[in-house]
Amino acid sequence: MPELAEPAAAFEQFDCPTCEVPAESACRTRGGKVAPKYHTPRFTLVPQLRAELEVRTPADRGPGRAWETGPAIEPRCRRP
């Protein structure tokens, strides 16, 4: 099984089924702050990381702080 360079990027390809944040965003707490770790149901969407017990949110996503809209980014892959 290939190891992913950045698990956060793999999780953020999908909407979170727990906190319902859209793709390209870190998970959030009920209070609207960036969660310190990704929600477990999101792990099931990334086959390589299904066995992980915990993946912490990277510091550059601002865990513990109120979520703010970041700059627009290009999608990773385009579907025809």
# chains A, B, ... in the order shown; residues from 1 in each chain; ligands from 1

$ select_by_dssp --residues "segment 19-79 of chain A" --states "alpha helix (DSSP H)" --output "PyMOL selection string"
chain A and resi 40-43

$ residues_around --residues "segment 16-32 of chain A" --least-positions-apart "3" --cutoff "8 Å" --atoms "only C-alpha atoms" --output "list in words"
Ala8, Ala9, Glu12, Gln13, Ala35, Lys37, Tyr38, His39, Pro41, Arg42, Thr57, Arg61, Ala66 and Trp67 of chain A

$ write_last_selection --atoms "C-alpha atoms" --output "short mmCIF file (atom, residue, chain, number, x, y, z; two decimals), in the first residue's frame"
data_model
loop_
_atom_site.label_atom_id
_atom_site.label_comp_id
_atom_site.auth_asym_id
_atom_site.auth_seq_id
_atom_site.Cartn_x
_atom_site.Cartn_y
_atom_site.Cartn_z
CA ALA A 8 -4.61 15.97 5.29
CA ALA A 9 -4.70 16.58 1.54
CA GLU A 12 -9.73 17.12 2.20
CA GLN A 13 -10.58 15.71 -1.23
CA ALA A 35 -10.95 20.77 14.62
CA LYS A 37 -8.04 16.21 14.21
CA TYR A 38 -10.04 14.93 11.26
CA HIS A 39 -13.31 13.16 11.96
CA PRO A 41 -15.95 8.87 9.21
CA ARG A 42 -13.88 10.89 6.74
CA THR A 57 -5.03 18.70 11.51
CA ARG A 61 -4.97 24.84 8.75
CA ALA A 66 -12.19 30.17 14.20
CA TRP A 67 -12.46 29.01 10.61
#

$ atom_distance --atom1 "atom CA of Val34 of chain A" --atom2 "atom CA of Phe11 of chain A"
14.3 Å

$ residues_around --residues "Val46 of chain A" --least-positions-apart "2" --cutoff "9 Å" --atoms "only C-alpha atoms" --output "compact mmCIF listing (two decimals) with N, CA, C and O atoms, in the first residue's frame"
# COMPACT_ATOMS: atom_id res chain seq x y z
N ALA A 10 -5.32 14.23 1.43
CA ALA A 10 -6.16 13.10 1.01
C ALA A 10 -7.55 13.21 1.61
O ALA A 10 -8.56 13.00 0.93
N PHE A 11 -7.63 13.55 2.90
CA PHE A 11 -8.94 13.69 3.54
C PHE A 11 -9.73 14.83 2.95
O PHE A 11 -10.94 14.75 2.78
N GLN A 13 -10.01 15.91 0.10
CA GLN A 13 -10.58 15.71 -1.23
C GLN A 13 -12.08 15.47 -1.16
O GLN A 13 -12.77 15.54 -2.16
N PHE A 14 -12.57 15.15 0.04
CA PHE A 14 -13.97 14.75 0.22
C PHE A 14 -14.67 15.65 1.23
O PHE A 14 -14.05 16.16 2.15
N ARG A 42 -14.55 10.41 7.95
CA ARG A 42 -13.88 10.89 6.74
C ARG A 42 -12.76 9.92 6.34
O ARG A 42 -12.40 9.84 5.17
N PHE A 43 -12.20 9.19 7.30
CA PHE A 43 -11.12 8.23 7.01
C PHE A 43 -11.61 7.14 6.07
O PHE A 43 -10.85 6.64 5.24
N THR A 44 -12.85 6.73 6.18
CA THR A 44 -13.36 5.63 5.35
C THR A 44 -13.39 6.00 3.88
O THR A 44 -13.47 5.12 3.03
N GLN A 48 -6.36 4.23 1.66
CA GLN A 48 -5.03 4.06 2.23
C GLN A 48 -4.97 4.44 3.71
O GLN A 48 -4.03 4.09 4.40
N LEU A 49 -5.94 5.18 4.20
CA LEU A 49 -5.89 5.68 5.58
C LEU A 49 -7.02 5.15 6.46
O LEU A 49 -7.20 5.61 7.58
N ARG A 50 -7.75 4.17 5.99
CA ARG A 50 -8.88 3.63 6.77
C ARG A 50 -8.45 3.05 8.11
O ARG A 50 -9.22 3.06 9.05

$ atom_distance --atom1 "atom CA of Glu68 of chain A" --atom2 "atom CA of Pro47 of chain A"
29.0 Å

$ atom_distance --atom1 "atom CA of Asp15 of chain A" --atom2 "atom CA of Glu52 of chain A"
18.2 Å

$ closest_residue --among "A:Arg65, A:Val55, A:Asp60, A:Lys33" --to "Pro7 of chain A" --atoms "only C-alpha atoms"
A:Val55

$ select_by_dssp --residues "segment 27-58 of chain A" --states "strand (DSSP E or B)" --output "list in words"
Arg28, Lys33, Val34, Lys37 and Arg56 of chain A

$ decode --residues "segment 23-39 of chain A" --atoms "all heavy atoms" --output "CSV table (one decimal), in the first residue's frame"
chain,number,residue,atom,x,y,z
A,23,ALA,N,-15.4,19.7,0.5
A,23,ALA,CA,-14.0,19.3,0.1
A,23,ALA,C,-13.1,20.5,0.1
A,23,ALA,O,-13.6,21.7,-0.1
A,23,ALA,CB,-14.1,18.7,-1.3
A,24,GLU,N,-11.8,20.3,0.3
A,24,GLU,CA,-10.8,21.3,0.4
A,24,GLU,C,-10.8,22.1,1.7
A,24,GLU,O,-10.3,23.2,1.7
A,24,GLU,CB,-10.9,22.3,-0.8
A,24,GLU,CG,-10.7,21.6,-2.2
A,24,GLU,CD,-9.4,21.0,-2.4
A,24,GLU,OE1,-8.4,21.3,-1.8
A,24,GLU,OE2,-9.3,20.1,-3.3
A,25,SER,N,-11.4,21.5,2.7
A,25,SER,CA,-11.5,22.2,4.0
A,25,SER,C,-11.3,21.2,5.1
A,25,SER,O,-11.6,20.1,5.0
A,25,SER,CB,-12.9,22.8,4.1
A,25,SER,OG,-13.0,23.6,5.3
A,26,ALA,N,-10.7,21.7,6.2
A,26,ALA,CA,-10.4,20.9,7.4
A,26,ALA,C,-11.7,20.7,8.1
A,26,ALA,O,-12.6,21.5,8.0
A,26,ALA,CB,-9.4,21.5,8.3
A,27,CYS,N,-11.8,19.7,9.0
A,27,CYS,CA,-13.0,19.5,9.8
A,27,CYS,C,-13.1,20.6,10.8
A,27,CYS,O,-12.2,21.2,11.2
A,27,CYS,CB,-12.9,18.1,10.5
A,27,CYS,SG,-13.0,16.7,9.4
A,28,ARG,N,-14.4,20.8,11.3
A,28,ARG,CA,-14.7,21.8,12.2
A,28,ARG,C,-15.4,21.3,13.4
A,28,ARG,O,-16.1,20.3,13.3
A,28,ARG,CB,-15.5,23.0,11.6
A,28,ARG,CG,-14.7,23.6,10.5
A,28,ARG,CD,-15.4,24.8,9.9
A,28,ARG,NE,-14.8,25.0,8.5
A,28,ARG,CZ,-15.5,25.1,7.4
A,28,ARG,NH1,-16.8,25.1,7.5
A,28,ARG,NH2,-14.9,25.3,6.3
A,29,THR,N,-15.3,22.0,14.5
A,29,THR,CA,-16.0,21.7,15.7
A,29,THR,C,-17.4,22.3,15.6
A,29,THR,O,-17.7,23.0,14.7
A,29,THR,CB,-15.3,22.3,17.0
A,29,THR,OG1,-15.4,23.7,16.9
A,29,THR,CG2,-13.9,21.8,17.1
A,30,ARG,N,-18.3,21.9,16.6
A,30,ARG,CA,-19.6,22.4,16.6
A,30,ARG,C,-19.6,24.0,16.7
A,30,ARG,O,-20.5,24.6,16.3
A,30,ARG,CB,-20.5,21.8,17.7
A,30,ARG,CG,-20.8,20.4,17.4
A,30,ARG,CD,-21.7,19.8,18.5
A,30,ARG,NE,-22.0,18.4,18.2
A,30,ARG,CZ,-22.0,17.5,19.1
A,30,ARG,NH1,-21.8,17.7,20.3
A,30,ARG,NH2,-22.3,16.2,18.7
A,31,GLY,N,-18.6,24.5,17.4
A,31,GLY,CA,-18.5,25.9,17.6
A,31,GLY,C,-17.9,26.7,16.4
A,31,GLY,O,-17.7,27.9,16.5
A,32,GLY,N,-17.6,26.0,15.3
A,32,GLY,CA,-17.1,26.6,14.1
A,32,GLY,C,-15.6,26.8,14.0
A,32,GLY,O,-15.1,27.4,13.1
A,33,LYS,N,-14.9,26.2,15.0
A,33,LYS,CA,-13.4,26.3,15.0
A,33,LYS,C,-12.9,25.1,14.2
A,33,LYS,O,-13.5,24.1,14.0
A,33,LYS,CB,-12.8,26.3,16.4
A,33,LYS,CG,-13.2,27.5,17.2
A,33,LYS,CD,-12.6,27.5,18.5
A,33,LYS,CE,-12.9,28.8,19.3
A,33,LYS,NZ,-12.3,28.8,20.6
A,34,VAL,N,-11.6,25.3,13.7
A,34,VAL,CA,-11.0,24.2,13.0
A,34,VAL,C,-10.7,23.1,14.0
A,34,VAL,O,-10.1,23.4,15.1
A,34,VAL,CB,-9.7,24.7,12.3
A,34,VAL,CG1,-9.0,23.5,11.6
A,34,VAL,CG2,-10.0,25.8,11.3
A,35,ALA,N,-11.1,21.9,13.7
A,35,ALA,CA,-11.0,20.8,14.6
A,35,ALA,C,-9.5,20.4,14.7
A,35,ALA,O,-8.7,20.5,13.8
A,35,ALA,CB,-11.8,19.6,14.1
A,36,PRO,N,-9.0,19.9,15.9
A,36,PRO,CA,-7.6,19.5,16.1
A,36,PRO,C,-7.3,18.2,15.3
A,36,PRO,O,-6.1,18.0,15.1
A,36,PRO,CB,-7.5,19.3,17.6
A,36,PRO,CG,-8.9,19.1,18.1
A,36,PRO,CD,-9.8,19.8,17.1
A,37,LYS,N,-8.3,17.4,15.0
A,37,LYS,CA,-8.0,16.2,14.2
A,37,LYS,C,-9.2,16.0,13.3
A,37,LYS,O,-10.3,16.5,13.5
A,37,LYS,CB,-7.8,15.0,15.1
A,37,LYS,CG,-8.9,14.6,16.0
A,37,LYS,CD,-8.5,13.5,16.9
A,37,LYS,CE,-9.6,13.1,17.9
A,37,LYS,NZ,-9.3,12.0,18.7
A,38,TYR,N,-9.0,15.2,12.2
A,38,TYR,CA,-10.0,14.9,11.3
A,38,TYR,C,-11.0,13.9,11.8
A,38,TYR,O,-10.7,13.1,12.6
A,38,TYR,CB,-9.4,14.4,10.0
A,38,TYR,CG,-8.7,15.4,9.2
A,38,TYR,CD1,-7.3,15.6,9.4
A,38,TYR,CD2,-9.3,16.3,8.3
A,38,TYR,CE1,-6.6,16.6,8.8
A,38,TYR,CE2,-8.6,17.3,7.7
A,38,TYR,CZ,-7.3,17.5,7.9
A,38,TYR,OH,-6.6,18.5,7.3
A,39,HIS,N,-12.3,14.1,11.5
A,39,HIS,CA,-13.3,13.2,12.0
A,39,HIS,C,-13.2,11.8,11.4
A,39,HIS,O,-12.9,11.6,10.2
A,39,HIS,CB,-14.7,13.7,11.6
A,39,HIS,CG,-15.0,15.0,12.4
A,39,HIS,ND1,-15.3,16.2,11.8
A,39,HIS,CD2,-14.9,15.3,13.7
A,39,HIS,CE1,-15.5,17.1,12.7
A,39,HIS,NE2,-15.3,16.6,13.9
